[in-house]
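Chemist: Below you will find the structure I want to go over with you.
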Amino acid sequence: MKKNDVVISVSQPKQSASAANTIFVICNTIIMILFVIVTLYPVLNTLAVSFNDGTDALRGGIYLWPRKWSLQNYITVLQKDNLITGTYISVLRTVLGTITALAANALLAFIVSRKRFLFKSQLSLFWVITMYVNGGMIPIFLLYKSLGLTNSFWVYIVPGMVSAFNMLVMRTYMVGIPDSLEESAQLDGAGYMTIFFKIISPLCMPVYATVALFIAVGQWNSWFDAMLYNRMSPEFTTLQYELMKLLSSVTSQGANADTMQHAQAGAVTPTSIRAAATIITMVPIICLYPFLQRYFVAGLTIGGVKE
Amino acid sequence: MASTKKQVSKFTWKEFKKQKVLMIWAAVFVVYGLIFCYIPLFGWLMAFQDYKPRTGIFGSEFVGMEKFTQLFSDNTFLEVIRNTLAMGVINLVLTFVTAIAFAILLNEIRLTIGKKMVQTISYLPHFLSWIVVTGILHDVLASSGIVNELLMNFGIVDKSVNFFAHPEYFWWIVGISNVWKETGWNAIIYLAAITAIDPSLYEAAAIDGAGRWAKIKNIIIPGIMPTIMILLLINVGNVLNAGFEVQYLLGNGLVQSVSQTIDIYVLKWGISQNDYAIGTAAGIFKSLVSIVLIVVANQLAKRAGGERLF
């Protein structure tokens with residue numbers, strides 16, 4: 001990145017500088033604390049509601065701690081067949097989708113980052129164009145339909161395997177690996193596939209981790225494809241889509257608290273079930289992302305600033 | 001776009017044979033790309049046809065621009081364009097300003113552990129799906145939710161506001177939920193840019209007696225300006241893409257006139273009503289506007305002598 005020339009023109013009286021700094025530090029700390037509260041409160045509140053007795057929660061006034069502890073919400077959620085299927089499909093698509101997409105993007109990045117490859121700029125351009133131009137929802141829908149990808153699990157895996165953005169992030173990283181490694185391996189008689197698996201890939205683990213995280217989060221969180229392509233096939237539904245159905249059923253009933261209390265003889269309400277389901281979908285990601293932090297920070301910086 | 005190195009190997013059959021494995025895989029990727037990214041482009045033809053699913057693209061009658069005329073005489077579509085643009089611009093401005101401000105302020109925190117903790121927490125919402133976020137939002141903004149409770153405690157309103165029933169709040173709810181979700185994530189790149197600023201500049205400024213504000217104003221902001229410009233460019237092209245999931249999930253009958261975006265319109269006409277031609281025409285319009293926006297933004301940046309994408 002280029003650095004701009006900076007003209008330093010300071011016109012602050014020196015004696016008040018330290019007082020101003022103290023005020024700045026105090027204000028800044030307050031802003032950061034507020035930021036943390038605003039970020040965490042809604043999540044912690046949902047957590048508290050999910051562990052609270054459902055009917056009791058309707059009275060309101062639950063903030064960060066459950067008033068009347070109950071595991072009933074989770075038990076109810078985990079007994080719902082559609083949520084179990086959804087969880088299974090979501091885990092499967094996340095694992096399978098991440099592995100296949102990572103492999104495809106890595107191989108493509110490997111090809112276009114070979115200095116000697118004859119069509120490297122053409123092949124890069126071929127994929128970069130896809131970042132800016134696409135057929136749009138309806139042509140794509142019709143294509144998937146004619147390929148038999150609707151009402152099928154494979155619609156989650158096959159069409160999204162290559163992403164130009166992820167490929168470019170990996171390419172940038174691979175271009176930075178010294179050519180001498182490849183050349184000496186070639187002298188030893190290694191083919192391109194050996195170089196890819198044995199030499200380049202082990203060195204690319206940080207960027208693979210970054211891209212894998214991007215893909216995995218996208219797979220886990222996506223719901224629109226389930227709604228668009230697999231609405232008629234409850235066996236291929238995903239957790240997020242089931243959560244969405246739960247959400248809209250709660251919202252439409254929400255205005256009518258009477259019916260809700262009436263309908264719930266037990267200790268759960270749609271709101272409390274939803275809170276539990278929300279927490280279940282969040283848990284895997286919340287457990288993972290802090291550990292992958294340094295990878296995605298590095299990956300974003302490669303992908304965004306240099307590209 | 002960083003172009004690949006200039007020294008391109010000359011094409012010879014000998015070299016081609018050496019790279020046989022690469023060529024085979026490259027061909028696989030080209031076929032894959034043609035199928036999934038380029039063939040759908042032929043679907044654009046539908047927008048110029050009286051498309052009938054039974055006869056398909058090759059059997060349907062061409063009607064020229066008729067579908068586009070129909071589209072632009074539909075008041076709903078004009079409303080949809082307005083909504084998409086308004087929410088796109090609101091999102092862009094709000095998320096930009098907050099991310100930059102957050103990055104600068106976080107950088108000023110001297111306590112390393114505090115800084116790390118705040119940053120880790122700030123990423124959290126980015127990893128949540130819009131389903132989860134809108135679910136949380138419904139709770140937070142409910143009549144017994146925390147926002148109404150605070151507003152009532154401070155005496156700003158005397159009875160709880162139903163935020164989702166008032167069209168005038170909708171765009172801002174979308175904007176603020178975007179801010180909540182993406183501020184920490186978007187700040188990553190600015191924090192990296194701030195770290196790249198030459199430390200000797202701060203030292204020089206300290207000698208001149210610059211306070212924190214002076215340093216932010218005269219060193220940090222000019223230092224991250226190229227990053228800001230390039231991200232602005234990328235995002236201007238995406239303004240029309242800013243609206244789908246959250247509007248779809250938060251929208252309801254009461255706010256329909258302000259919540260519908262182009263993508264929702266396409267979904268409604270194309271997929272639900274099976275009017276593929278109108279849906280495709282709306283999609284084409286969106287793509288063209290996006291391309292125009294990105295080219296214009298790029299030209300403006302070029303003229304201003306700043307960073308540019310291509």
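For the structure tokens, the naming scheme is as follows: chains receive sequential letters (A, B, ...) according to their order of presentation, residues are indexed from 1 within each chain, and ligands are indexed from 1 in presentation order.
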Using only C-alpha atoms, determine which residues of chain B fall within 7 Å of chain A; present them as a PyMOL selection string.
Modeler: chain B and resi 1-2+4+9+11+21-22+36-37+40-41+43-44+105+118+120-122+127-129+131-132+135-136+140+144+180+188-189+192+205+208-212+214+218-219+222-223+227+270+276+279-280+283
Chemist: Determine, counting only C-alpha atoms, which protein, DNA and RNA residues have an atom within 8 Å of an atom of Phe48 of chain B; residues of the same chain fewer than 4 positions away are not included. Present the result as a list of chain:residue names.
Modeler: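 Residues meeting the cut-off are B:Trp44, B:Phe62, B:Val63, B:Gly64, B:Met65, B:Glu66, B:Lys67, B:Ala277, B:Ala281.
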Chemist: Could the residues in this selection be saved with C-alpha atoms as a PDB file, in the first residue's frame?
Modeler:
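Saved to result30.pdb:
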ATOM      1  CA  TRP B  44     -30.794 -12.891 -20.075  1.00  0.00           C
ATOM      2  CA  PHE B  62     -38.831 -12.211 -29.110  1.00  0.00           C
ATOM      3  CA  VAL B  63     -40.660  -9.083 -28.020  1.00  0.00           C
ATOM      4  CA  GLY B  64     -37.821  -6.581 -27.845  1.00  0.00           C
ATOM      5  CA  MET B  65     -37.884  -4.166 -24.939  1.00  0.00           C
ATOM      6  CA  GLU B  66     -41.531  -4.769 -24.105  1.00  0.00           C
ATOM      7  CA  LYS B  67     -40.779  -6.357 -20.746  1.00  0.00           C
ATOM      8  CA  ALA B 277     -39.206 -12.610 -18.165  1.00  0.00           C
ATOM      9  CA  ALA B 281     -35.422  -8.007 -16.756  1.00  0.00           C
TER      10      ALA B 281
END
Chemist: Measure the distance from atom CA of Thr210 of chain A to atom CA of Tyr295 of chain A in Å and round it to one decimal.
Modeler: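 Separation between atom CA of Thr210 of chain A and atom CA of Tyr295 of chain A: 5.2 Å.
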Chemist: So that I can see what lies close to Ile99 of chain A, please list as a CSV table (one decimal) with N, CA and C atoms, in the first residue's frame the residues with an atom at most 10 Å from it, counting only C-alpha atoms and leaving out residues fewer than 5 positions away in the same chain.
Modeler:
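Writing done, so here's out.csv:
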chain,number,residue,atom,x,y,z
A,93,ARG,N,-23.4,-30.5,5.0
A,93,ARG,CA,-23.0,-29.5,4.0
A,93,ARG,C,-21.8,-28.7,4.4
A,94,THR,N,-21.7,-28.3,5.6
A,94,THR,CA,-20.6,-27.5,6.1
A,94,THR,C,-19.3,-28.3,5.9
A,104,ALA,N,-11.0,-27.2,-4.5
A,104,ALA,CA,-11.2,-26.7,-5.8
A,104,ALA,C,-10.5,-25.3,-5.9
A,157,ILE,N,-23.5,-28.1,-2.5
A,157,ILE,CA,-22.1,-28.4,-2.7
A,157,ILE,C,-21.5,-28.0,-4.1
A,161,MET,N,-18.7,-24.3,-5.7
A,161,MET,CA,-17.3,-24.8,-5.3
A,161,MET,C,-16.2,-23.8,-5.6
A,212,ALA,N,-11.0,-21.6,4.4
A,212,ALA,CA,-11.9,-22.7,5.0
A,212,ALA,C,-12.9,-22.0,6.0
A,215,ILE,N,-15.6,-20.2,4.0
A,215,ILE,CA,-16.5,-21.1,3.4
A,215,ILE,C,-17.4,-21.7,4.4
A,216,ALA,N,-16.8,-22.2,5.5
A,216,ALA,CA,-17.6,-22.9,6.5
A,216,ALA,C,-18.6,-22.1,7.1
Chemist: With only C-alpha atoms as the counted atoms, please give the residues lying no more than 8 Å from Tyr190 of chain B, apart from itself and same-chain residues fewer than 3 positions off, as a PyMOL selection string.
Modeler: chain B and resi 99-100+103+186-187+193-194+224+227-228
Chemist: According to DSSP computed on the backbone, where in segment 23-119 of chain B is there strand (DSSP E)? Give the residues as an MDAnalysis selection string.
Modeler: chainID B and resid 49:50 61:62
Chemist: Please save N, CA and C atoms of the selected residues as a PDB file, in the first residue's frame.
Modeler:
ATOM      1  N   GLN B  49     -37.974 -11.761 -24.362  1.00  0.00           N
ATOM      2  CA  GLN B  49     -38.894 -12.704 -24.993  1.00  0.00           C
ATOM      3  C   GLN B  49     -40.215 -12.731 -24.255  1.00  0.00           C
ATOM      4  N   ASP B  50     -41.202 -13.254 -24.962  1.00  0.00           N
ATOM      5  CA  ASP B  50     -42.434 -13.590 -24.267  1.00  0.00           C
ATOM      6  C   ASP B  50     -42.222 -15.027 -23.798  1.00  0.00           C
ATOM      7  N   GLU B  61     -41.030 -16.393 -28.340  1.00  0.00           N
ATOM      8  CA  GLU B  61     -41.048 -15.303 -29.301  1.00  0.00           C
ATOM      9  C   GLU B  61     -40.334 -14.079 -28.726  1.00  0.00           C
ATOM     10  N   PHE B  62     -39.515 -13.417 -29.576  1.00  0.00           N
ATOM     11  CA  PHE B  62     -38.831 -12.211 -29.110  1.00  0.00           C
ATOM     12  C   PHE B  62     -39.771 -11.020 -29.130  1.00  0.00           C
TER      13      PHE B  62
END
Chemist: Go through B:Leu249, B:Ile156, B:Ala165, B:Leu78 one by one, measure the shortest atom-to-atom distance of each to Phe285 of chain B using only C-alpha atoms, and give the residue with the smallest value.
Modeler: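 For Phe285 of chain B, the nearest of the candidates is B:Leu78.
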Chemist: Provide the atom CA of Pro284 of chain A to atom CA of Asp81 of chain A distance in Å, to one decimal place.
Modeler: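 It comes out at 20.1 Å.
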Chemist: Enumerate the residues of segment 69-270 of chain A with a DSSP assignment of alpha helix (DSSP H), computed from the backbone, and present them as a ChimeraX atom specification.
Modeler: /A:72-79,81-113,120-132,137-146,164-175,179-187,192-194,201-203,205-221,224-229,239-254,257-263,270
Chemist: Give me the residues near Leu254 of chain B as a PDB file with N, CA and C atoms, in the first residue's frame, where near means some atom within 8 Å (using only C-alpha atoms) and where sequence neighbours in that chain fewer than 5 positions away do not count.
Modeler:
ATOM      1  N   PHE B 164     -41.642  -2.292  14.110  1.00  0.00           N
ATOM      2  CA  PHE B 164     -41.794  -2.940  12.804  1.00  0.00           C
ATOM      3  C   PHE B 164     -43.088  -2.549  12.109  1.00  0.00           C
ATOM      4  N   ALA B 165     -43.876  -1.695  12.724  1.00  0.00           N
ATOM      5  CA  ALA B 165     -45.133  -1.309  12.107  1.00  0.00           C
ATOM      6  C   ALA B 165     -45.042   0.068  11.452  1.00  0.00           C
ATOM      7  N   HIS B 166     -43.901   0.757  11.627  1.00  0.00           N
ATOM      8  CA  HIS B 166     -43.792   2.110  11.097  1.00  0.00           C
ATOM      9  C   HIS B 166     -42.818   2.145   9.924  1.00  0.00           C
ATOM     10  N   PRO B 167     -43.316   2.446   8.735  1.00  0.00           N
ATOM     11  CA  PRO B 167     -42.424   2.470   7.560  1.00  0.00           C
ATOM     12  C   PRO B 167     -41.241   3.417   7.739  1.00  0.00           C
TER      13      PRO B 167
END
